[in-house]
Amino acid sequence: MTHDPHRYDLDALRTRLLDETSGEVDDSIPQLADADPELCAIALVLTDGTAVTSADADVAFSVQSAVKPFLFALALLDTDGEALDRVGIEPTGESFDAIKLESGTGRPPNPMVNAGALLTASLVRGVDPAERDARIAEGLAAFAGRDLTVDEDVAHNEHLLGDRNHALAHLMRAEGTMHVSADDAVAVYARACATLVDAETLAVMGATLACGGVNPRTGARVVPERVARDVVSVMATCGVYDGSGRWMRAVGIPAKSSVSGAIVLAAPGRLGAAVVSPPLDAQGTSVRGRLASEALSDELHLHSFGAG
């Protein structure tokens, strides 16, 4: 097996992964419940913009929680860093939608859980939901290097059926943490989660973080290096929820998981990667995605704490 990502055989890795059939597809909204459990795609995007992809890397899916690092980045950018005072950065040891805020401050525990993402989405520039939607779409397009579309049915159902998100938003309103209406916050976050990407596009987004905020495809600086560093740091400690410690021990690459079965990874200075496979483990992480990430870490020597 080559250690050169330019020549890595992702289709061979994908074939190995297809033998793994454990996990359950998320059923929180109808569109996720209808996802193809056999979908499995892997993509790498290197610092020179080169993509290495497997079969199905162009199949579209809703980004879901894998959007959270990018919402955090936009909130940091648009508030000149104030978002770091408004959202905690500590792991919770609890589920991603736990109805819990920091004791004494009323802040969300970190930007990678739902409470934190609801707040960061509310902090991006815009006087109303429509302006924030447009700003998020613009920002995600810059990370992706291309315009992205939204699955309107997914956005509608995320908003309509997101009872725990509504509860979190109302709780933050009651604590004085959130300064927009609860419905506004949930609607904007739901629309961001419904953004359509594919594995290659999501890998470009991860690579933009890995390149210190510069999109390796377009050469455009999307966010300052410090913002990219802050985002990747929180991905490392909080990106896989209550499994983040185990993830960093086994995989060692900052990542963000999602209930659509997508995982976005950012190996600073090396590459961005994405895996999508809908069946999830008990922590809400793609079963095949975790196995693929472990293989990439081992076979390409990407572990952050490895000796090289």
# chains A, B, ... in the order shown; residues from 1 in each chain; ligands from 1

call {"tool": "residues_around", "arguments": {"residues": "stretch 297-303 of chain A", "least_positions_apart": "2", "cutoff": "8 Å", "atoms": "only C-alpha atoms", "output": "PyMOL selection string"}}
result
chain A and resi 1-5+251-253+267+270+293-295+305-306+308

call {"tool": "write_last_selection", "arguments": {"atoms": "N, CA and C atoms", "output": "short mmCIF file (atom, residue, chain, number, x, y, z; two decimals), in the first residue's frame"}}
result
data_model
loop_
_atom_site.label_atom_id
_atom_site.label_comp_id
_atom_site.auth_asym_id
_atom_site.auth_seq_id
_atom_site.Cartn_x
_atom_site.Cartn_y
_atom_site.Cartn_z
N MET A 1 0.85 -1.19 0.00
CA MET A 1 0.00 0.00 0.00
C MET A 1 0.88 1.25 0.00
N THR A 2 0.68 2.13 -0.97
CA THR A 2 1.49 3.34 -1.04
C THR A 2 1.14 4.31 0.08
N HIS A 3 2.16 5.04 0.54
CA HIS A 3 1.94 6.10 1.52
C HIS A 3 1.71 7.44 0.83
N ASP A 4 1.75 7.47 -0.49
CA ASP A 4 1.55 8.70 -1.25
C ASP A 4 0.07 8.86 -1.54
N PRO A 5 -0.59 9.91 -0.98
CA PRO A 5 -2.03 10.05 -1.21
C PRO A 5 -2.40 10.23 -2.67
N VAL A 251 -7.84 7.51 15.32
CA VAL A 251 -7.70 8.12 13.99
C VAL A 251 -6.70 9.28 14.03
N GLY A 252 -6.84 10.15 15.01
CA GLY A 252 -5.87 11.23 15.18
C GLY A 252 -5.96 12.33 14.15
N ILE A 253 -7.09 12.44 13.46
CA ILE A 253 -7.30 13.51 12.47
C ILE A 253 -8.52 14.31 12.89
N ALA A 267 -6.59 17.33 7.93
CA ALA A 267 -5.25 17.04 8.43
C ALA A 267 -4.38 18.25 8.10
N ARG A 270 -1.67 18.82 5.27
CA ARG A 270 -1.58 17.57 4.51
C ARG A 270 -2.69 17.44 3.48
N SER A 293 -11.61 6.13 7.92
CA SER A 293 -10.73 7.15 8.51
C SER A 293 -9.56 6.50 9.23
N GLU A 294 -9.81 5.40 9.93
CA GLU A 294 -8.72 4.68 10.59
C GLU A 294 -7.71 4.17 9.56
N ALA A 295 -8.22 3.63 8.45
CA ALA A 295 -7.33 3.12 7.41
C ALA A 295 -6.51 4.24 6.78
N PHE A 305 -0.60 12.67 16.18
CA PHE A 305 0.37 12.42 17.24
C PHE A 305 1.31 11.26 16.91
N GLY A 306 1.32 10.87 15.63
CA GLY A 306 2.26 9.85 15.19
C GLY A 306 3.65 10.44 14.98
N GLY A 308 5.37 10.05 12.37
CA GLY A 308 5.63 10.34 10.94
C GLY A 308 5.93 9.10 10.15
#

call {"tool": "residues_around", "arguments": {"residues": "A:Asp242", "least_positions_apart": "2", "cutoff": "12 Å", "atoms": "only C-alpha atoms", "output": "list of chain:residue names"}}
result
A:Glu90, A:Pro91, A:Thr92, A:Gly93, A:Glu94, A:Ser95, A:Phe96, A:Asp97, A:Ala98, A:Met112, A:Val113, A:Thr237, A:Cys238, A:Gly239, A:Val240, A:Ser244, A:Gly245, A:Arg246, A:Trp247, A:Met248, A:Ser257, A:Ala282, A:Gln283, A:Gly284, A:Thr285

call {"tool": "residues_around", "arguments": {"residues": "A:Glu82", "least_positions_apart": "2", "cutoff": "12 Å", "atoms": "only C-alpha atoms", "output": "PyMOL selection string"}}
result
chain A and resi 72-80+84-88+120+123-124+227

call {"tool": "closest_atom_pairs", "arguments": {"of": "stretch 156-249 of chain A", "to": "stretch 138-152 of chain A", "cutoff": "6 Å", "atoms": "only C-alpha atoms", "output": "JSON lines"}}
result
{"residue": "A:Ala194", "atom": "CA", "partner": "A:Asp151", "partner_atom": "CA", "distance": 5.4}
{"residue": "A:Thr195", "atom": "CA", "partner": "A:Val150", "partner_atom": "CA", "distance": 4.3}
{"residue": "A:Leu196", "atom": "CA", "partner": "A:Val150", "partner_atom": "CA", "distance": 5.6}
{"residue": "A:Thr201", "atom": "CA", "partner": "A:Ala144", "partner_atom": "CA", "distance": 5.7}
{"residue": "A:Val204", "atom": "CA", "partner": "A:Ala144", "partner_atom": "CA", "distance": 5.7}
{"residue": "A:Met205", "atom": "CA", "partner": "A:Phe143", "partner_atom": "CA", "distance": 4.9}

call {"tool": "select_by_dssp", "arguments": {"residues": "stretch 6-172 of chain A", "states": "alpha helix (DSSP H)", "output": "ChimeraX atom specification"}}
result
/A:10-17,30-33,68-78,83-86,114-123,129-144,152-161,163-172

call {"tool": "closest_atom_pairs", "arguments": {"of": "stretch 33-118 of chain A", "to": "stretch 11-17 of chain A", "cutoff": "10 Å", "atoms": "only C-alpha atoms", "output": "CSV"}}
result
residue,atom,partner,partner_atom,distance
A:Cys40,CA,A:Arg14,CA,6.9
A:Ala41,CA,A:Arg14,CA,7.0
A:Ile42,CA,A:Arg14,CA,7.3
A:Val52,CA,A:Asp11,CA,9.9
A:Thr53,CA,A:Asp11,CA,7.8
A:Ser54,CA,A:Asp11,CA,4.8
A:Ala55,CA,A:Asp11,CA,6.5
A:Asp56,CA,A:Asp11,CA,9.8

call {"tool": "write_last_selection", "arguments": {"atoms": "N, CA, C and O atoms", "output": "short mmCIF file (atom, residue, chain, number, x, y, z; two decimals), in the first residue's frame"}}
result
data_model
loop_
_atom_site.label_atom_id
_atom_site.label_comp_id
_atom_site.auth_asym_id
_atom_site.auth_seq_id
_atom_site.Cartn_x
_atom_site.Cartn_y
_atom_site.Cartn_z
N CYS A 40 -21.43 4.45 -0.41
CA CYS A 40 -20.13 4.53 0.25
C CYS A 40 -19.18 5.25 -0.69
O CYS A 40 -18.95 4.79 -1.82
N ALA A 41 -18.68 6.39 -0.27
CA ALA A 41 -17.78 7.17 -1.10
C ALA A 41 -16.69 7.79 -0.25
O ALA A 41 -16.92 8.15 0.92
N ILE A 42 -15.52 7.93 -0.84
CA ILE A 42 -14.35 8.49 -0.15
C ILE A 42 -13.67 9.47 -1.10
O ILE A 42 -13.56 9.20 -2.30
N VAL A 52 -8.37 12.86 -5.16
CA VAL A 52 -8.31 11.42 -5.34
C VAL A 52 -9.66 10.90 -4.83
O VAL A 52 -10.02 11.16 -3.67
N THR A 53 -10.41 10.21 -5.66
CA THR A 53 -11.76 9.84 -5.29
C THR A 53 -12.07 8.38 -5.58
O THR A 53 -11.43 7.75 -6.42
N SER A 54 -13.08 7.88 -4.89
CA SER A 54 -13.61 6.54 -5.16
C SER A 54 -14.87 6.66 -5.99
O SER A 54 -15.36 7.76 -6.28
N ALA A 55 -15.44 5.51 -6.32
CA ALA A 55 -16.77 5.49 -6.92
C ALA A 55 -17.76 6.19 -6.00
O ALA A 55 -17.59 6.19 -4.77
N ASP A 56 -18.77 6.81 -6.58
CA ASP A 56 -19.86 7.48 -5.88
C ASP A 56 -19.45 8.79 -5.19
O ASP A 56 -20.24 9.36 -4.43
#
